[in-house]
>>> print(open('input-v3.txt').read())   # compact mmCIF, C-alpha atoms and all ligand atoms
# COMPACT_ATOMS: atom_id res chain seq x y z
CA MET A 1 19.76 -43.90 -70.18
CA ARG A 2 17.58 -40.89 -71.10
CA ARG A 3 15.18 -41.75 -68.36
CA ILE A 4 17.97 -41.84 -65.80
CA VAL A 5 19.25 -38.45 -66.95
CA MET A 6 15.74 -36.98 -66.70
CA ALA A 7 15.22 -38.49 -63.28
CA LEU A 8 18.49 -37.02 -62.08
CA ALA A 9 17.59 -33.61 -63.53
CA ALA A 10 14.23 -33.73 -61.73
CA LEU A 11 16.00 -34.59 -58.47
CA ALA A 12 18.44 -31.71 -58.88
CA LEU A 13 15.59 -29.29 -59.57
CA GLY A 14 13.76 -30.50 -56.47
CA ALA A 15 16.86 -30.04 -54.35
CA SER A 16 17.46 -26.48 -55.52
CA THR A 17 13.80 -25.56 -54.98
CA LEU A 18 14.01 -26.96 -51.48
CA ALA A 19 17.16 -24.93 -50.79
CA ALA A 20 15.42 -21.77 -51.98
CA CYS A 21 12.43 -22.38 -49.71
CA GLY A 22 14.44 -23.48 -46.69
CA GLY A 23 15.42 -21.21 -43.87
CA ASP A 24 19.09 -20.99 -44.86
CA ASP A 25 19.79 -17.27 -44.36
CA SER A 26 23.01 -17.21 -46.31
CA ALA A 27 21.23 -18.58 -49.37
CA SER A 28 19.40 -15.35 -50.15
CA ASP A 29 20.35 -11.71 -50.33
CA LEU A 30 19.50 -9.27 -47.54
CA ALA A 31 16.67 -7.58 -49.46
CA THR A 32 14.91 -10.92 -49.95
CA ARG A 33 15.46 -12.01 -46.35
CA ALA A 34 14.31 -8.66 -44.95
CA LYS A 35 11.16 -8.70 -47.06
CA GLU A 36 10.29 -12.20 -45.86
CA SER A 37 11.23 -11.88 -42.19
CA LYS A 38 10.31 -8.19 -41.77
CA LYS A 39 13.40 -7.90 -39.60
CA ILE A 40 16.81 -6.26 -40.02
CA LYS A 41 19.83 -5.62 -37.79
CA VAL A 42 21.22 -2.13 -38.30
CA GLY A 43 24.57 -0.87 -37.04
CA ILE A 44 24.62 2.79 -36.01
CA LYS A 45 26.71 5.03 -33.78
CA PHE A 46 25.25 5.44 -30.27
CA ASP A 47 27.23 8.56 -29.30
CA GLN A 48 27.06 10.98 -32.22
CA THR A 49 24.55 13.77 -31.69
CA ALA A 50 22.27 14.45 -34.67
CA LEU A 51 23.52 11.31 -36.48
CA GLY A 52 23.21 8.26 -34.26
CA VAL A 53 22.38 8.48 -30.57
CA LYS A 54 21.03 6.03 -28.05
CA LYS A 55 19.00 7.93 -25.49
CA PRO A 56 18.70 7.02 -21.80
CA ASP A 57 15.20 5.65 -22.45
CA GLY A 58 16.71 3.16 -24.90
CA THR A 59 15.36 4.72 -28.08
CA VAL A 60 17.65 5.87 -30.90
CA GLU A 61 17.61 9.04 -32.96
CA GLY A 62 19.55 10.99 -35.57
CA PHE A 63 19.95 11.50 -39.29
CA ASP A 64 21.59 8.09 -39.84
CA VAL A 65 18.82 6.49 -37.78
CA ASP A 66 16.13 8.13 -39.92
CA VAL A 67 17.91 7.16 -43.15
CA ALA A 68 18.11 3.57 -41.90
CA LYS A 69 14.39 3.59 -40.99
CA TYR A 70 13.50 4.92 -44.45
CA VAL A 71 15.64 2.34 -46.26
CA ALA A 72 14.38 -0.49 -44.03
CA GLY A 73 10.81 0.59 -44.80
CA LYS A 74 11.51 0.43 -48.53
CA LEU A 75 12.93 -3.07 -48.02
CA GLY A 76 9.64 -4.04 -46.35
CA VAL A 77 10.74 -3.83 -42.71
CA PRO A 78 8.65 -1.74 -40.28
CA GLU A 79 10.38 0.28 -37.52
CA SER A 80 9.41 -2.38 -34.99
CA GLY A 81 11.40 -4.93 -37.00
CA ILE A 82 14.68 -3.03 -36.70
CA GLU A 83 17.22 -4.17 -34.13
CA TRP A 84 19.67 -1.33 -33.43
CA ILE A 85 23.20 -2.40 -32.71
CA GLU A 86 26.07 -0.09 -31.75
CA THR A 87 28.88 0.07 -34.26
CA ILE A 88 31.90 2.21 -33.48
CA SER A 89 34.26 3.20 -36.30
CA ALA A 90 36.59 0.27 -35.61
CA ASN A 91 34.07 -2.56 -35.81
CA ARG A 92 31.97 -1.62 -38.83
CA GLU A 93 33.69 -3.94 -41.34
CA PRO A 94 33.99 -6.96 -38.97
CA PHE A 95 30.38 -6.62 -37.80
CA ILE A 96 29.18 -6.73 -41.43
CA GLN A 97 31.55 -9.54 -42.37
CA GLN A 98 30.61 -11.68 -39.35
CA GLY A 99 26.87 -11.00 -39.60
CA GLN A 100 26.40 -9.18 -36.27
CA VAL A 101 24.63 -6.54 -38.36
CA ASP A 102 22.92 -6.67 -41.77
CA MET A 103 23.74 -3.10 -42.65
CA VAL A 104 25.72 -0.19 -41.24
CA VAL A 105 24.51 3.41 -41.40
CA ALA A 106 27.12 5.12 -39.24
CA THR A 107 28.94 8.12 -40.75
CA TYR A 108 30.64 5.47 -42.87
CA SER A 109 32.84 6.90 -45.62
CA ILE A 110 33.08 4.88 -48.81
CA LEU A 111 36.81 4.17 -49.15
CA PRO A 112 38.72 1.91 -51.56
CA GLU A 113 40.25 -0.21 -48.76
CA ARG A 114 36.85 -0.69 -47.10
CA LYS A 115 35.32 -1.67 -50.46
CA GLU A 116 37.59 -4.73 -50.42
CA LYS A 117 35.70 -5.97 -47.37
CA VAL A 118 32.12 -4.71 -47.70
CA THR A 119 29.74 -3.49 -50.41
CA PHE A 120 28.55 0.10 -50.17
CA ALA A 121 25.22 1.47 -51.32
CA GLY A 122 25.01 5.23 -51.64
CA PRO A 123 26.36 7.71 -50.93
CA TYR A 124 23.32 9.21 -49.21
CA ILE A 125 25.19 12.39 -48.26
CA VAL A 126 28.67 13.85 -48.73
CA ALA A 127 30.24 15.28 -45.57
CA HIS A 128 33.47 17.25 -45.47
CA GLN A 129 36.26 16.98 -42.96
CA ASP A 130 36.77 20.06 -40.81
CA ILE A 131 38.49 20.97 -37.56
CA MET A 132 37.13 21.79 -34.10
CA VAL A 133 39.24 23.46 -31.41
CA ARG A 134 38.62 25.00 -27.99
CA GLY A 135 36.90 28.37 -28.20
CA ASP A 136 39.90 30.25 -26.84
CA ASP A 137 42.51 28.66 -29.13
CA ALA A 138 43.71 31.10 -31.79
CA SER A 139 46.75 29.05 -32.82
CA ILE A 140 44.86 26.75 -35.21
CA THR A 141 43.03 28.40 -38.11
CA LYS A 142 43.74 26.00 -40.98
CA VAL A 143 44.67 22.37 -41.53
CA GLU A 144 48.40 23.11 -41.87
CA ASP A 145 48.38 24.51 -38.31
CA LEU A 146 47.86 20.97 -37.01
CA LYS A 147 51.60 20.33 -37.42
CA ASP A 148 52.93 19.19 -34.02
CA LYS A 149 49.48 19.69 -32.44
CA ARG A 150 47.73 16.89 -30.54
CA ILE A 151 44.82 15.59 -32.63
CA CYS A 152 42.38 12.81 -31.87
CA GLN A 153 42.96 9.36 -33.36
CA ALA A 154 39.53 7.76 -33.19
CA SER A 155 40.12 4.05 -33.61
CA GLY A 156 39.06 2.66 -37.01
CA SER A 157 38.23 6.09 -38.37
CA ASN A 158 39.77 7.56 -41.48
CA SER A 159 39.82 11.18 -40.30
CA TYR A 160 43.24 11.28 -38.58
CA LYS A 161 44.76 9.55 -41.61
CA ARG A 162 43.52 12.43 -43.76
CA ILE A 163 46.02 14.55 -41.80
CA THR A 164 48.98 12.25 -41.18
CA ASP A 165 48.93 9.84 -44.15
CA PRO A 166 50.92 10.67 -47.27
CA PRO A 167 48.90 11.81 -50.32
CA PRO A 168 46.59 10.93 -51.94
CA ASN A 169 44.63 9.89 -48.80
CA GLY A 170 46.25 12.37 -46.43
CA ARG A 171 48.28 15.53 -46.22
CA ASP A 172 51.45 14.27 -44.60
CA ILE A 173 51.10 16.72 -41.70
CA PRO A 174 53.08 15.50 -38.68
CA ALA A 175 50.46 15.91 -35.96
CA LYS A 176 50.68 14.07 -32.63
CA LEU A 177 48.02 11.34 -32.48
CA VAL A 178 46.14 10.89 -29.22
CA PRO A 179 44.23 7.59 -29.25
CA ALA A 180 40.50 7.43 -28.41
CA GLY A 181 37.82 4.80 -28.79
CA SER A 182 35.14 7.04 -30.23
CA TYR A 183 34.39 10.62 -31.20
CA SER A 184 32.59 11.33 -27.94
CA GLU A 185 35.85 10.38 -26.20
CA CYS A 186 37.69 12.78 -28.55
CA ILE A 187 35.38 15.62 -27.53
CA ALA A 188 35.87 14.84 -23.83
CA LYS A 189 39.64 14.96 -24.36
CA LEU A 190 39.35 18.25 -26.22
CA SER A 191 37.49 19.89 -23.37
CA GLY A 192 39.84 18.26 -20.86
CA ASN A 193 42.81 19.78 -22.67
CA THR A 194 44.51 16.46 -23.42
CA LEU A 195 44.37 17.25 -27.10
CA ASP A 196 44.26 20.40 -29.23
CA ALA A 197 41.88 19.55 -32.07
CA VAL A 198 39.28 17.10 -33.20
CA THR A 199 39.29 16.82 -36.96
CA THR A 200 36.54 14.79 -38.60
CA ASP A 201 33.39 15.19 -40.69
CA ASP A 202 31.58 18.52 -40.42
CA LEU A 203 28.28 16.75 -39.72
CA ILE A 204 29.81 14.98 -36.71
CA LEU A 205 31.42 18.17 -35.41
CA ALA A 206 28.18 20.13 -35.91
CA GLY A 207 26.34 17.56 -33.78
CA PHE A 208 28.83 17.78 -30.93
CA ALA A 209 29.03 21.59 -31.13
CA SER A 210 25.24 21.79 -30.79
CA GLN A 211 25.52 20.12 -27.37
CA GLY A 212 27.21 23.21 -25.97
CA GLY A 213 30.75 23.44 -24.67
CA ASP A 214 33.27 26.09 -25.57
CA PHE A 215 34.29 24.89 -29.02
CA LYS A 216 34.65 26.45 -32.45
CA ILE A 217 34.55 24.77 -35.85
CA LEU A 218 37.00 26.36 -38.25
CA GLY A 219 34.73 26.13 -41.32
CA THR A 220 37.55 25.04 -43.61
CA PRO A 221 36.28 21.82 -45.24
CA PHE A 222 39.07 19.92 -46.97
CA THR A 223 37.77 16.46 -48.01
CA ASP A 224 34.70 14.76 -49.50
CA GLU A 225 33.38 12.02 -47.21
CA LYS A 226 30.82 10.01 -49.13
CA TYR A 227 28.60 8.35 -46.54
CA GLY A 228 27.60 4.88 -47.71
CA ILE A 229 25.44 2.09 -46.34
CA GLY A 230 27.65 -0.93 -45.76
CA ILE A 231 26.32 -4.43 -46.42
CA LYS A 232 27.87 -7.86 -46.96
CA LYS A 233 30.48 -7.91 -49.71
CA GLY A 234 28.98 -8.95 -53.05
CA ASP A 235 25.27 -8.44 -52.19
CA VAL A 236 24.70 -6.38 -55.32
CA ALA A 237 20.94 -6.99 -55.48
CA THR A 238 20.44 -5.42 -52.03
CA CYS A 239 22.87 -2.62 -52.83
CA GLU A 240 20.80 -1.73 -55.89
CA ALA A 241 17.55 -1.89 -53.91
CA ILE A 242 19.05 0.48 -51.32
CA ASN A 243 20.24 2.87 -54.02
CA THR A 244 16.70 3.00 -55.41
CA ALA A 245 15.39 3.74 -51.90
CA LEU A 246 17.98 6.52 -51.45
CA SER A 247 17.04 8.28 -54.66
CA GLU A 248 13.38 8.06 -53.63
CA MET A 249 14.33 9.53 -50.25
CA TYR A 250 15.53 12.63 -52.10
CA SER A 251 12.83 12.75 -54.81
CA ASP A 252 9.91 12.47 -52.37
CA GLY A 253 11.25 15.30 -50.18
CA THR A 254 12.15 13.15 -47.16
CA ALA A 255 15.89 13.88 -47.36
CA THR A 256 15.40 17.66 -47.33
CA GLN A 257 13.03 17.38 -44.39
CA LEU A 258 15.45 15.15 -42.46
CA LEU A 259 18.45 17.37 -43.19
CA GLN A 260 16.49 20.37 -41.95
CA LYS A 261 15.37 18.45 -38.87
CA TRP A 262 18.89 17.42 -37.84
CA PHE A 263 21.18 20.10 -39.26
CA GLY A 264 18.86 23.03 -40.06
CA THR A 265 20.33 25.23 -37.33
CA ALA A 266 24.00 24.25 -37.81
CA LYS A 267 26.07 27.16 -39.07
CA GLY A 268 28.05 26.96 -42.30
CA LEU A 269 26.88 23.55 -43.51
CA GLN A 270 25.96 23.25 -47.18
CA LEU A 271 23.13 20.75 -47.28
CA PRO A 272 22.41 18.87 -50.52
CA THR A 273 19.08 19.03 -52.35
CA ALA A 274 19.62 16.08 -54.71
CA VAL A 275 20.88 12.57 -54.08
CA PRO A 276 24.67 12.44 -54.57
CA PRO A 277 25.74 10.41 -57.63
CA ALA A 278 25.71 6.69 -56.76
CA GLU A 279 29.10 5.00 -56.56
CA GLY A 280 27.96 1.77 -58.14
CA CYS A 281 27.57 -1.54 -56.35
CA SER A 282 30.59 -3.82 -56.21
N1 LIG A 301 33.52 9.34 -42.05
C1 LIG A 301 34.79 9.01 -41.50
C2 LIG A 301 35.06 7.51 -41.53
O1 LIG A 301 34.21 6.75 -41.88
C3 LIG A 301 34.95 9.55 -40.10
C4 LIG A 301 33.83 9.28 -39.16
C5 LIG A 301 33.80 7.89 -38.59
O2 LIG A 301 34.83 7.27 -38.35
O3 LIG A 301 32.68 7.43 -38.35
O4 LIG A 301 36.16 7.10 -41.21
>>> encode(input="input-v3.txt", output="structure tokens")
Amino acid sequence: MRRIVMALAALALGASTLAACGGDDSASDLATRAKESKKIKVGIKFDQTALGVKKPDGTVEGFDVDVAKYVAGKLGVPESGIEWIETISANREPFIQQGQVDMVVATYSILPERKEKVTFAGPYIVAHQDIMVRGDDASITKVEDLKDKRICQASGSNSYKRITDPPPNGRDIPAKLVPAGSYSECIAKLSGNTLDAVTTDDLILAGFASQGGDFKILGTPFTDEKYGIGIKKGDVATCEAINTALSEMYSDGTATQLLQKWFGTAKGLQLPTAVPPAEGCS
């Protein structure tokens, strides 16, 4: 009897070792897979100046892109091993859940309802929601002035909800929502006069404002948007590895250099010098 039990135990051990060595992706966490394969699929925005942009020559650039490169490097993946995939606000959670991307670095606020679906490392920076209007519009000077104004409703984004949702998420301001697929579409509608204001994170607005156009940012920040790195729900080991990388990004001076590079000339932005307190991986 004892011999049979021992034989069975040996078999079970062999099977689990085999599973660990096999190529079953879902068996290991992202950090382990990335280290072994030297590859990672990263979701970024393709249309947000200074954060995530795909250029006509096919290369990508921006603060989120550089953060992703740094984190990937710390996970053992060289730049050449990164596959860049466009994520718009509306498909960030499904792309992570379905495995189209391994991680999302795309102006992605850590929110309780999103935490139900994905795990967030970070935050790596805290942005603040602000308002951008046409240069000649004097009728909007503060968030309350958005009452009855046409604001952009970028699909899957939280920003419009910060205005129209009841507290605590929003301010219960009855603005008119004009749907758009992305923030670049919002900006086009603002200049085309089919809406009155684009309200979203100051970092996003700063990027668009730097492209020119007759716009002004009000400089009245009214939320904290903790930008996290989204990964598959429950991958705590990878989340912790990313958090370690993010604090190194600040302690070795990279973060300051990157913030200067991408936002150094933007007016009125308060850039951090230390890594924001981690949220905890769950
Ligand atoms: N940070 C906000 C969010 O994640 C607005 C920007 C965006 O949608 O990417 O909803």
>>> atom_distance(input="input-v3.txt", atom1="atom CA of Lys74 of chain A", atom2="atom CA of Ser157 of chain A")
29.1 Å
>>> residues_around(input="input-v3.txt", residues="Cys281 of chain A", least_positions_apart="5", cutoff="10 Å", atoms="all atoms listed in the file", output="list in words")
Lys115, Thr119, Phe120, Ala121, Gly122, Lys233, Gly234, Asp235, Val236, Ala237, Thr238, Cys239, Glu240 and Asn243 of chain A
>>> axis_aligned_box(input="input-v3.txt", around="segment 44-61 of chain A", padding_each_side="3 Å", output="JSON")
{"center_x": 21.2, "center_y": 8.6, "center_z": -29.1, "size_x": 18.0, "size_y": 17.7, "size_z": 20.7}
>>> residues_near_ligand(input="input-v3.txt", ligand="ligand LIG 301 (chain A)", cutoff="8 Å", atoms="all atoms listed in the file", output="compact mmCIF listing (two decimals) with C-alpha atoms, in the coordinates of the input")
# COMPACT_ATOMS: atom_id res chain seq x y z
CA LYS A 45 26.71 5.03 -33.78
CA ILE A 88 31.90 2.21 -33.48
CA SER A 89 34.26 3.20 -36.30
CA ALA A 90 36.59 0.27 -35.61
CA ALA A 106 27.12 5.12 -39.24
CA THR A 107 28.94 8.12 -40.75
CA TYR A 108 30.64 5.47 -42.87
CA SER A 109 32.84 6.90 -45.62
CA ILE A 110 33.08 4.88 -48.81
CA ALA A 127 30.24 15.28 -45.57
CA ALA A 154 39.53 7.76 -33.19
CA SER A 155 40.12 4.05 -33.61
CA GLY A 156 39.06 2.66 -37.01
CA SER A 157 38.23 6.09 -38.37
CA ASN A 158 39.77 7.56 -41.48
CA SER A 159 39.82 11.18 -40.30
CA TYR A 183 34.39 10.62 -31.20
CA THR A 200 36.54 14.79 -38.60
CA ASP A 201 33.39 15.19 -40.69
CA ILE A 204 29.81 14.98 -36.71
CA GLU A 225 33.38 12.02 -47.21
CA LYS A 226 30.82 10.01 -49.13
CA TYR A 227 28.60 8.35 -46.54
>>> closest_residue(input="input-v3.txt", among="A:Gly213, A:Gly73, A:Gly99, A:Gly280", to="Ile231 of chain A", atoms="only C-alpha atoms")
A:Gly99
>>> closest_residue(input="input-v3.txt", among="A:Ala274, A:Trp262, A:Asp165, A:Arg114", to="Asp66 of chain A", atoms="only C-alpha atoms")
A:Trp262
>>> closest_residue(input="input-v3.txt", among="A:Asp145, A:Glu86, A:Asp136, A:Glu36", to="Val53 of chain A", atoms="only C-alpha atoms")
A:Glu86
>>> residues_around(input="input-v3.txt", residues="Tyr160 of chain A", least_positions_apart="2", cutoff="12 Å", atoms="only C-alpha atoms", output="PyMOL selection string")
chain A and resi 129-131+143+146+150-158+162-166+169-180+183+186+197-201
>>> write_last_selection(input="input-v3.txt", atoms="C-alpha atoms", output="PDB file, keeping the file's coordinate frame")
ATOM      1  CA  GLN A 129      36.260  16.980 -42.960  1.00  0.00           C
ATOM      2  CA  ASP A 130      36.770  20.060 -40.810  1.00  0.00           C
ATOM      3  CA  ILE A 131      38.490  20.970 -37.560  1.00  0.00           C
ATOM      4  CA  VAL A 143      44.670  22.370 -41.530  1.00  0.00           C
ATOM      5  CA  LEU A 146      47.860  20.970 -37.010  1.00  0.00           C
ATOM      6  CA  ARG A 150      47.730  16.890 -30.540  1.00  0.00           C
ATOM      7  CA  ILE A 151      44.820  15.590 -32.630  1.00  0.00           C
ATOM      8  CA  CYS A 152      42.380  12.810 -31.870  1.00  0.00           C
ATOM      9  CA  GLN A 153      42.960   9.360 -33.360  1.00  0.00           C
ATOM     10  CA  ALA A 154      39.530   7.760 -33.190  1.00  0.00           C
ATOM     11  CA  SER A 155      40.120   4.050 -33.610  1.00  0.00           C
ATOM     12  CA  GLY A 156      39.060   2.660 -37.010  1.00  0.00           C
ATOM     13  CA  SER A 157      38.230   6.090 -38.370  1.00  0.00           C
ATOM     14  CA  ASN A 158      39.770   7.560 -41.480  1.00  0.00           C
ATOM     15  CA  ARG A 162      43.520  12.430 -43.760  1.00  0.00           C
ATOM     16  CA  ILE A 163      46.020  14.550 -41.800  1.00  0.00           C
ATOM     17  CA  THR A 164      48.980  12.250 -41.180  1.00  0.00           C
ATOM     18  CA  ASP A 165      48.930   9.840 -44.150  1.00  0.00           C
ATOM     19  CA  PRO A 166      50.920  10.670 -47.270  1.00  0.00           C
ATOM     20  CA  ASN A 169      44.630   9.890 -48.800  1.00  0.00           C
ATOM     21  CA  GLY A 170      46.250  12.370 -46.430  1.00  0.00           C
ATOM     22  CA  ARG A 171      48.280  15.530 -46.220  1.00  0.00           C
ATOM     23  CA  ASP A 172      51.450  14.270 -44.600  1.00  0.00           C
ATOM     24  CA  ILE A 173      51.100  16.720 -41.700  1.00  0.00           C
ATOM     25  CA  PRO A 174      53.080  15.500 -38.680  1.00  0.00           C
ATOM     26  CA  ALA A 175      50.460  15.910 -35.960  1.00  0.00           C
ATOM     27  CA  LYS A 176      50.680  14.070 -32.630  1.00  0.00           C
ATOM     28  CA  LEU A 177      48.020  11.340 -32.480  1.00  0.00           C
ATOM     29  CA  VAL A 178      46.140  10.890 -29.220  1.00  0.00           C
ATOM     30  CA  PRO A 179      44.230   7.590 -29.250  1.00  0.00           C
ATOM     31  CA  ALA A 180      40.500   7.430 -28.410  1.00  0.00           C
ATOM     32  CA  TYR A 183      34.390  10.620 -31.200  1.00  0.00           C
ATOM     33  CA  CYS A 186      37.690  12.780 -28.550  1.00  0.00           C
ATOM     34  CA  ALA A 197      41.880  19.550 -32.070  1.00  0.00           C
ATOM     35  CA  VAL A 198      39.280  17.100 -33.200  1.00  0.00           C
ATOM     36  CA  THR A 199      39.290  16.820 -36.960  1.00  0.00           C
ATOM     37  CA  THR A 200      36.540  14.790 -38.600  1.00  0.00           C
ATOM     38  CA  ASP A 201      33.390  15.190 -40.690  1.00  0.00           C
TER      39      ASP A 201
END
>>> atom_distance(input="input-v3.txt", atom1="atom CA of Ile85 of chain A", atom2="atom CA of Ala266 of chain A")
27.1 Å
>>> closest_residue(input="input-v3.txt", among="A:Leu269, A:Ala138, A:Val275, A:Ile96", to="Thr254 of chain A", atoms="all atoms listed in the file")
A:Val275
>>> closest_residue(input="input-v3.txt", among="A:Arg92, A:Lys161, A:His128, A:Lys55", to="Gly43 of chain A", atoms="all atoms listed in the file")
A:Arg92
>>> closest_residue(input="input-v3.txt", among="A:Gly76, A:Gly207, A:Gly219, A:Gly135", to="Leu51 of chain A", atoms="only C-alpha atoms")
A:Gly207
>>> residues_around(input="input-v3.txt", residues="Ala255 of chain A", least_positions_apart="3", cutoff="12 Å", atoms="only C-alpha atoms", output="PDB file with C-alpha atoms, keeping the file's coordinate frame")
ATOM      1  CA  PHE A  63      19.950  11.500 -39.290  1.00  0.00           C
ATOM      2  CA  ASP A  64      21.590   8.090 -39.840  1.00  0.00           C
ATOM      3  CA  ASP A  66      16.130   8.130 -39.920  1.00  0.00           C
ATOM      4  CA  VAL A  67      17.910   7.160 -43.150  1.00  0.00           C
ATOM      5  CA  ALA A  68      18.110   3.570 -41.900  1.00  0.00           C
ATOM      6  CA  TYR A  70      13.500   4.920 -44.450  1.00  0.00           C
ATOM      7  CA  VAL A  71      15.640   2.340 -46.260  1.00  0.00           C
ATOM      8  CA  TYR A 124      23.320   9.210 -49.210  1.00  0.00           C
ATOM      9  CA  ILE A 125      25.190  12.390 -48.260  1.00  0.00           C
ATOM     10  CA  ALA A 245      15.390   3.740 -51.900  1.00  0.00           C
ATOM     11  CA  LEU A 246      17.980   6.520 -51.450  1.00  0.00           C
ATOM     12  CA  SER A 247      17.040   8.280 -54.660  1.00  0.00           C
ATOM     13  CA  GLU A 248      13.380   8.060 -53.630  1.00  0.00           C
ATOM     14  CA  MET A 249      14.330   9.530 -50.250  1.00  0.00           C
ATOM     15  CA  TYR A 250      15.530  12.630 -52.100  1.00  0.00           C
ATOM     16  CA  SER A 251      12.830  12.750 -54.810  1.00  0.00           C
ATOM     17  CA  ASP A 252       9.910  12.470 -52.370  1.00  0.00           C
ATOM     18  CA  LEU A 258      15.450  15.150 -42.460  1.00  0.00           C
ATOM     19  CA  LEU A 259      18.450  17.370 -43.190  1.00  0.00           C
ATOM     20  CA  GLN A 260      16.490  20.370 -41.950  1.00  0.00           C
ATOM     21  CA  LYS A 261      15.370  18.450 -38.870  1.00  0.00           C
ATOM     22  CA  TRP A 262      18.890  17.420 -37.840  1.00  0.00           C
ATOM     23  CA  PHE A 263      21.180  20.100 -39.260  1.00  0.00           C
ATOM     24  CA  LEU A 271      23.130  20.750 -47.280  1.00  0.00           C
ATOM     25  CA  PRO A 272      22.410  18.870 -50.520  1.00  0.00           C
ATOM     26  CA  THR A 273      19.080  19.030 -52.350  1.00  0.00           C
ATOM     27  CA  ALA A 274      19.620  16.080 -54.710  1.00  0.00           C
ATOM     28  CA  VAL A 275      20.880  12.570 -54.080  1.00  0.00           C
ATOM     29  CA  PRO A 276      24.670  12.440 -54.570  1.00  0.00           C
TER      30      PRO A 276
END
>>> atom_distance(input="input-v3.txt", atom1="atom CA of Trp84 of chain A", atom2="atom CA of Ser184 of chain A")
18.9 Å
>>> residues_near_point(input="input-v3.txt", point="(22.2, 19.4, -30.3)", cutoff="10 Å", atoms="only C-alpha atoms", output="list in words")
Gln48, Thr49, Ala50, Ala206, Gly207, Phe208, Ala209, Ser210, Gln211, Gly212, Trp262, Phe263, Thr265 and Ala266 of chain A
>>> write_last_selection(input="input-v3.txt", atoms="C-alpha atoms", output="mmCIF file, keeping the file's coordinate frame")
data_model
loop_
_atom_site.group_PDB
_atom_site.id
_atom_site.type_symbol
_atom_site.label_atom_id
_atom_site.label_comp_id
_atom_site.auth_asym_id
_atom_site.auth_seq_id
_atom_site.Cartn_x
_atom_site.Cartn_y
_atom_site.Cartn_z
ATOM 1 C CA GLN A 48 27.060 10.980 -32.220
ATOM 2 C CA THR A 49 24.550 13.770 -31.690
ATOM 3 C CA ALA A 50 22.270 14.450 -34.670
ATOM 4 C CA ALA A 206 28.180 20.130 -35.910
ATOM 5 C CA GLY A 207 26.340 17.560 -33.780
ATOM 6 C CA PHE A 208 28.830 17.780 -30.930
ATOM 7 C CA ALA A 209 29.030 21.590 -31.130
ATOM 8 C CA SER A 210 25.240 21.790 -30.790
ATOM 9 C CA GLN A 211 25.520 20.120 -27.370
ATOM 10 C CA GLY A 212 27.210 23.210 -25.970
ATOM 11 C CA TRP A 262 18.890 17.420 -37.840
ATOM 12 C CA PHE A 263 21.180 20.100 -39.260
ATOM 13 C CA THR A 265 20.330 25.230 -37.330
ATOM 14 C CA ALA A 266 24.000 24.250 -37.810
#
>>> residues_near_point(input="input-v3.txt", point="(14.4, 4.0, -31.4)", cutoff="9 Å", atoms="only C-alpha atoms", output="ChimeraX atom specification")
/A:54-55,58-61,65,79-80,82,84
>>> write_last_selection(input="input-v3.txt", atoms="C-alpha atoms", output="PDB file, keeping the file's coordinate frame")
ATOM      1  CA  LYS A  54      21.030   6.030 -28.050  1.00  0.00           C
ATOM      2  CA  LYS A  55      19.000   7.930 -25.490  1.00  0.00           C
ATOM      3  CA  GLY A  58      16.710   3.160 -24.900  1.00  0.00           C
ATOM      4  CA  THR A  59      15.360   4.720 -28.080  1.00  0.00           C
ATOM      5  CA  VAL A  60      17.650   5.870 -30.900  1.00  0.00           C
ATOM      6  CA  GLU A  61      17.610   9.040 -32.960  1.00  0.00           C
ATOM      7  CA  VAL A  65      18.820   6.490 -37.780  1.00  0.00           C
ATOM      8  CA  GLU A  79      10.380   0.280 -37.520  1.00  0.00           C
ATOM      9  CA  SER A  80       9.410  -2.380 -34.990  1.00  0.00           C
ATOM     10  CA  ILE A  82      14.680  -3.030 -36.700  1.00  0.00           C
ATOM     11  CA  TRP A  84      19.670  -1.330 -33.430  1.00  0.00           C
TER      12      TRP A  84
END
